Amino acid sequence: MNKQNYQRILEQTLTNIEDSISNCGAVPTLLLHSCCAPCSSYVLEYLSQYFRITVFYYNPNIYPEEEYRMRVKEQQTFIQKLPAKYPVSFEEGRYDTERFYAIAKGLEQVPEGGERCFRCYELRLREAAELAKERNFDYFTTTLSISPLKNAEKLNEIGTRIGDELGITYLQSDFKKKNGYKRSTELSKEYGMYRQDYCGCIYSYRERHS
């Protein structure tokens, strides 16, 4: 089975949205799950040209709590500084770490990038989808695919499946394409952002610092 070109799919979607805005003036809404400010930087710069965005910070996997609070603050600060064509707002989800440890149970020793991560993708994407559905957003998606360490194919598969299940459109994407990751590092330097050296959970922390 051929792999999907998610950047090409995204570009076609954005072209259609641009045409729709030109014709009727209605700017669609997007609930954007964000894992951290550095990863969100390029995504917000890119997508705020086409959507009214609410950044949804839901990451119960982050360890320790001090790290979580630091990342929340950095996300809020970046949104306040970013020049955007359409408004960008922020909403923090619950820091319900017990949900993350429940889905990770039995997979503690699995290396980063495996099944434990896939379950974590699903946990966060489902929470985003449910909120997007409840608030009548037009689309939802995540910044996670910008990382070279994240499986964009799996993210799109999970996001699309959840979206179909709940009746909310998942914006398919692979934000690392077209130098997206490189641009995110440039923006991080430009805005003086704090950049963590591990994905976020206690298992990635131990793996990185062992």
# chains A, B, ... in the order shown; residues from 1 in each chain; ligands from 1
>>> residues_around(residues="segment 188-191 of chain A", least_positions_apart="4", cutoff="9 Å", atoms="only C-alpha atoms", output="PyMOL selection string")
chain A and resi 37-39+41+78+81+183-184+195
>>> residues_around(residues="Leu30 of chain A", least_positions_apart="5", cutoff="8 Å", atoms="only C-alpha atoms", output="PyMOL selection string")
chain A and resi 51-54+137-141
>>> residues_around(residues="segment 108-114 of chain A", least_positions_apart="4", cutoff="12 Å", atoms="only C-alpha atoms", output="PyMOL selection string")
chain A and resi 100-104+118-121+147-152+154-155+198-208
>>> write_last_selection(atoms="N, CA, C and O atoms", output="short mmCIF file (atom, residue, chain, number, x, y, z; two decimals), in the first residue's frame")
data_model
loop_
_atom_site.label_atom_id
_atom_site.label_comp_id
_atom_site.auth_asym_id
_atom_site.auth_seq_id
_atom_site.Cartn_x
_atom_site.Cartn_y
_atom_site.Cartn_z
N PHE A 100 -2.85 9.06 31.55
CA PHE A 100 -1.68 8.66 30.78
C PHE A 100 -1.07 7.38 31.34
O PHE A 100 -0.76 6.44 30.60
N TYR A 101 -0.89 7.31 32.66
CA TYR A 101 -0.27 6.12 33.24
C TYR A 101 -1.16 4.88 33.06
O TYR A 101 -0.64 3.76 32.94
N ALA A 102 -2.46 5.09 32.99
CA ALA A 102 -3.37 3.97 32.75
C ALA A 102 -3.17 3.39 31.35
O ALA A 102 -3.14 2.15 31.17
N ILE A 103 -3.04 4.25 30.34
CA ILE A 103 -2.87 3.74 28.97
C ILE A 103 -1.45 3.21 28.73
O ILE A 103 -1.23 2.41 27.82
N ALA A 104 -0.50 3.66 29.55
CA ALA A 104 0.90 3.21 29.40
C ALA A 104 1.18 1.93 30.17
O ALA A 104 2.25 1.31 29.97
N PHE A 118 1.83 5.41 20.54
CA PHE A 118 0.61 5.40 19.74
C PHE A 118 -0.62 5.55 20.63
O PHE A 118 -1.57 6.26 20.29
N ARG A 119 -0.59 4.91 21.78
CA ARG A 119 -1.69 5.06 22.73
C ARG A 119 -1.77 6.49 23.26
O ARG A 119 -2.87 7.01 23.50
N CYS A 120 -0.62 7.09 23.46
CA CYS A 120 -0.57 8.48 23.92
C CYS A 120 -1.12 9.42 22.85
O CYS A 120 -1.85 10.37 23.16
N TYR A 121 -0.77 9.17 21.58
CA TYR A 121 -1.37 9.94 20.49
C TYR A 121 -2.90 9.89 20.59
O TYR A 121 -3.58 10.90 20.49
N SER A 147 7.46 16.83 14.47
CA SER A 147 8.68 16.22 15.01
C SER A 147 9.16 15.08 14.12
O SER A 147 8.38 14.20 13.77
N PRO A 148 10.46 15.05 13.80
CA PRO A 148 11.01 13.92 13.04
C PRO A 148 10.88 12.60 13.81
O PRO A 148 11.00 11.53 13.22
N LEU A 149 10.64 12.68 15.13
CA LEU A 149 10.54 11.48 15.95
C LEU A 149 9.12 10.94 16.04
O LEU A 149 8.88 9.88 16.63
N LYS A 150 8.15 11.67 15.46
CA LYS A 150 6.76 11.26 15.55
C LYS A 150 6.30 10.64 14.23
O LYS A 150 6.68 11.09 13.16
N ASN A 151 5.44 9.64 14.34
CA ASN A 151 4.97 8.87 13.19
C ASN A 151 3.74 9.56 12.58
O ASN A 151 2.63 9.42 13.07
N ALA A 152 3.97 10.33 11.52
CA ALA A 152 2.88 11.11 10.91
C ALA A 152 1.79 10.21 10.34
O ALA A 152 0.60 10.53 10.42
N LYS A 154 0.83 7.29 11.44
CA LYS A 154 0.02 6.79 12.56
C LYS A 154 -0.86 7.91 13.12
O LYS A 154 -2.03 7.69 13.45
N LEU A 155 -0.32 9.10 13.24
CA LEU A 155 -1.11 10.23 13.75
C LEU A 155 -2.31 10.50 12.85
O LEU A 155 -3.43 10.71 13.35
N TYR A 198 13.63 16.32 25.74
CA TYR A 198 12.96 15.02 25.70
C TYR A 198 11.49 15.24 25.37
O TYR A 198 10.97 16.34 25.55
N CYS A 199 10.83 14.20 24.86
CA CYS A 199 9.46 14.35 24.38
C CYS A 199 8.53 14.89 25.46
O CYS A 199 7.79 15.83 25.24
N GLY A 200 8.59 14.26 26.65
CA GLY A 200 7.75 14.78 27.71
C GLY A 200 7.44 13.82 28.84
O GLY A 200 7.38 14.21 30.00
N CYS A 201 7.24 12.54 28.54
CA CYS A 201 6.83 11.60 29.58
C CYS A 201 8.04 11.10 30.38
O CYS A 201 9.19 11.27 29.97
N ILE A 202 7.74 10.47 31.50
CA ILE A 202 8.81 9.97 32.37
C ILE A 202 9.66 8.92 31.66
O ILE A 202 10.87 8.82 31.89
N TYR A 203 9.04 8.17 30.73
CA TYR A 203 9.77 7.12 30.04
C TYR A 203 10.75 7.71 29.02
O TYR A 203 11.88 7.24 28.89
N SER A 204 10.32 8.75 28.30
CA SER A 204 11.24 9.41 27.36
C SER A 204 12.33 10.16 28.12
O SER A 204 13.48 10.24 27.66
N TYR A 205 11.98 10.69 29.30
CA TYR A 205 12.97 11.37 30.14
C TYR A 205 14.07 10.39 30.55
O TYR A 205 15.26 10.69 30.43
N ARG A 206 13.66 9.22 31.03
CA ARG A 206 14.63 8.22 31.47
C ARG A 206 15.46 7.73 30.30
O ARG A 206 16.68 7.51 30.43
N GLU A 207 14.81 7.54 29.15
CA GLU A 207 15.53 7.05 27.96
C GLU A 207 16.58 8.06 27.51
O GLU A 207 17.70 7.68 27.13
N ARG A 208 16.22 9.35 27.55
CA ARG A 208 17.14 10.40 27.10
C ARG A 208 18.27 10.62 28.09
O ARG A 208 19.40 10.93 27.69
#
>>> closest_atom_pairs(of="segment 122-168 of chain A", to="segment 90-93 of chain A", cutoff="12 Å", atoms="only C-alpha atoms", output="tab-separated table")
residue	atom	partner	partner_atom	distance
A:Arg124	CA	A:Gly93	CA	9.8
A:Leu125	CA	A:Gly93	CA	12.0
A:Glu127	CA	A:Gly93	CA	8.6
A:Ala128	CA	A:Gly93	CA	8.9
A:Glu130	CA	A:Gly93	CA	11.8
A:Leu131	CA	A:Gly93	CA	9.6
A:Ala132	CA	A:Glu91	CA	11.7
>>> select_by_dssp(residues="chain A", states="alpha helix (DSSP H)", output="PyMOL selection string")
chain A and resi 6-24+37-47+65-81+97-104+115-134+152-166+180-190+202-209
>>> write_last_selection(atoms="C-alpha atoms", output="mmCIF file, in the first residue's frame")
data_model
loop_
_atom_site.group_PDB
_atom_site.id
_atom_site.type_symbol
_atom_site.label_atom_id
_atom_site.label_comp_id
_atom_site.auth_asym_id
_atom_site.auth_seq_id
_atom_site.Cartn_x
_atom_site.Cartn_y
_atom_site.Cartn_z
ATOM 1 C CA TYR A 6 -0.220 14.253 3.818
ATOM 2 C CA GLN A 7 1.422 17.564 2.941
ATOM 3 C CA ARG A 8 -0.141 17.428 -0.516
ATOM 4 C CA ILE A 9 -3.522 16.576 1.022
ATOM 5 C CA LEU A 10 -3.164 19.542 3.403
ATOM 6 C CA GLU A 11 -2.235 21.920 0.594
ATOM 7 C CA GLN A 12 -5.329 20.909 -1.385
ATOM 8 C CA THR A 13 -7.516 21.421 1.687
ATOM 9 C CA LEU A 14 -6.009 24.863 2.279
ATOM 10 C CA THR A 15 -6.535 25.835 -1.369
ATOM 11 C CA ASN A 16 -10.206 24.900 -1.044
ATOM 12 C CA ILE A 17 -10.481 26.884 2.191
ATOM 13 C CA GLU A 18 -8.826 29.909 0.614
ATOM 14 C CA ASP A 19 -11.301 29.785 -2.267
ATOM 15 C CA SER A 20 -14.198 29.486 0.169
ATOM 16 C CA ILE A 21 -12.997 32.489 2.209
ATOM 17 C CA SER A 22 -12.675 34.531 -0.967
ATOM 18 C CA ASN A 23 -16.164 33.574 -2.101
ATOM 19 C CA CYS A 24 -18.141 33.821 1.131
ATOM 20 C CA ALA A 37 5.356 25.993 21.977
ATOM 21 C CA PRO A 38 8.396 25.191 19.760
ATOM 22 C CA CYS A 39 6.453 22.549 17.822
ATOM 23 C CA SER A 40 3.447 24.863 17.522
ATOM 24 C CA SER A 41 5.473 27.798 16.196
ATOM 25 C CA TYR A 42 5.641 26.917 12.505
ATOM 26 C CA VAL A 43 2.209 25.287 12.556
ATOM 27 C CA LEU A 44 0.597 28.460 13.908
ATOM 28 C CA GLU A 45 2.535 30.686 11.531
ATOM 29 C CA TYR A 46 1.337 28.501 8.648
ATOM 30 C CA LEU A 47 -2.268 27.714 9.574
ATOM 31 C CA GLU A 65 4.661 18.836 36.856
ATOM 32 C CA GLU A 66 7.220 21.669 36.924
ATOM 33 C CA GLU A 67 8.083 20.821 33.321
ATOM 34 C CA TYR A 68 4.397 20.789 32.418
ATOM 35 C CA ARG A 69 3.837 24.248 33.927
ATOM 36 C CA MET A 70 6.878 25.634 32.143
ATOM 37 C CA ARG A 71 5.617 24.361 28.780
ATOM 38 C CA VAL A 72 2.132 25.801 29.369
ATOM 39 C CA LYS A 73 3.605 29.224 30.136
ATOM 40 C CA GLU A 74 5.864 29.099 27.069
ATOM 41 C CA GLN A 75 2.880 28.217 24.877
ATOM 42 C CA GLN A 76 0.801 31.115 26.199
ATOM 43 C CA THR A 77 3.685 33.559 25.791
ATOM 44 C CA PHE A 78 4.299 32.564 22.185
ATOM 45 C CA ILE A 79 0.633 32.939 21.234
ATOM 46 C CA GLN A 80 0.623 36.459 22.681
ATOM 47 C CA LYS A 81 3.688 37.423 20.622
ATOM 48 C CA THR A 97 -1.709 12.259 34.593
ATOM 49 C CA GLU A 98 -3.497 9.141 35.851
ATOM 50 C CA ARG A 99 -5.097 8.750 32.400
ATOM 51 C CA PHE A 100 -1.679 8.657 30.776
ATOM 52 C CA TYR A 101 -0.274 6.116 33.245
ATOM 53 C CA ALA A 102 -3.366 3.966 32.748
ATOM 54 C CA ILE A 103 -2.871 3.736 28.972
ATOM 55 C CA ALA A 104 0.895 3.208 29.398
ATOM 56 C CA GLU A 115 2.949 1.222 20.943
ATOM 57 C CA ARG A 116 3.032 3.299 24.139
ATOM 58 C CA CYS A 117 3.453 6.444 22.039
ATOM 59 C CA PHE A 118 0.608 5.397 19.740
ATOM 60 C CA ARG A 119 -1.693 5.061 22.726
ATOM 61 C CA CYS A 120 -0.570 8.480 23.923
ATOM 62 C CA TYR A 121 -1.367 9.941 20.486
ATOM 63 C CA GLU A 122 -4.850 8.473 20.735
ATOM 64 C CA LEU A 123 -5.426 9.747 24.271
ATOM 65 C CA ARG A 124 -4.605 13.328 23.308
ATOM 66 C CA LEU A 125 -6.281 13.304 19.902
ATOM 67 C CA ARG A 126 -9.499 11.873 21.311
ATOM 68 C CA GLU A 127 -9.648 14.570 23.989
ATOM 69 C CA ALA A 128 -9.111 17.213 21.302
ATOM 70 C CA ALA A 129 -11.738 15.676 19.021
ATOM 71 C CA GLU A 130 -14.337 15.522 21.779
ATOM 72 C CA LEU A 131 -13.789 19.190 22.629
ATOM 73 C CA ALA A 132 -13.849 20.173 18.946
ATOM 74 C CA LYS A 133 -17.136 18.315 18.507
ATOM 75 C CA GLU A 134 -18.637 19.852 21.644
ATOM 76 C CA ALA A 152 2.881 11.109 10.909
ATOM 77 C CA GLU A 153 1.193 8.168 9.205
ATOM 78 C CA LYS A 154 0.021 6.794 12.557
ATOM 79 C CA LEU A 155 -1.106 10.232 13.745
ATOM 80 C CA ASN A 156 -3.207 10.764 10.627
ATOM 81 C CA GLU A 157 -4.639 7.262 10.837
ATOM 82 C CA ILE A 158 -5.689 7.752 14.478
ATOM 83 C CA GLY A 159 -6.933 11.314 13.989
ATOM 84 C CA THR A 160 -9.011 10.432 10.932
ATOM 85 C CA ARG A 161 -10.506 7.371 12.629
ATOM 86 C CA ILE A 162 -11.507 9.335 15.726
ATOM 87 C CA GLY A 163 -12.850 12.167 13.595
ATOM 88 C CA ASP A 164 -14.989 9.770 11.563
ATOM 89 C CA GLU A 165 -16.249 8.156 14.755
ATOM 90 C CA LEU A 166 -17.258 11.471 16.357
ATOM 91 C CA GLY A 180 8.513 22.752 8.706
ATOM 92 C CA TYR A 181 10.723 21.347 11.447
ATOM 93 C CA LYS A 182 13.613 23.554 10.354
ATOM 94 C CA ARG A 183 11.348 26.614 10.433
ATOM 95 C CA SER A 184 10.159 25.679 13.926
ATOM 96 C CA THR A 185 13.750 25.687 15.181
ATOM 97 C CA GLU A 186 14.326 29.083 13.555
ATOM 98 C CA LEU A 187 11.209 30.525 15.195
ATOM 99 C CA SER A 188 12.203 29.037 18.541
ATOM 100 C CA LYS A 189 15.506 30.920 18.370
ATOM 101 C CA GLU A 190 13.827 34.084 17.110
ATOM 102 C CA ILE A 202 8.814 9.969 32.369
ATOM 103 C CA TYR A 203 9.773 7.121 30.038
ATOM 104 C CA SER A 204 11.239 9.409 27.365
ATOM 105 C CA TYR A 205 12.971 11.368 30.135
ATOM 106 C CA ARG A 206 14.633 8.222 31.465
ATOM 107 C CA GLU A 207 15.530 7.046 27.958
ATOM 108 C CA ARG A 208 17.136 10.404 27.098
ATOM 109 C CA HIS A 209 18.999 10.792 30.400
#
>>> atom_distance(atom1="atom CA of Leu32 of chain A", atom2="atom CA of Thr143 of chain A")
7.1 Å
>>> atom_distance(atom1="atom CA of Ala84 of chain A", atom2="atom CA of Lys177 of chain A")
21.1 Å
>>> closest_residue(among="A:Ser34, A:Tyr58, A:Asn5, A:Lys105", to="Ser173 of chain A", atoms="only C-alpha atoms")
A:Asn5
>>> atom_distance(atom1="atom CA of Asn61 of chain A", atom2="atom CA of Gly106 of chain A")
15.5 Å
>>> select_by_dssp(residues="segment 22-88 of chain A", states="strand (DSSP E or B)", output="number ranges by chain")
A: 29-33, 52-57, 88
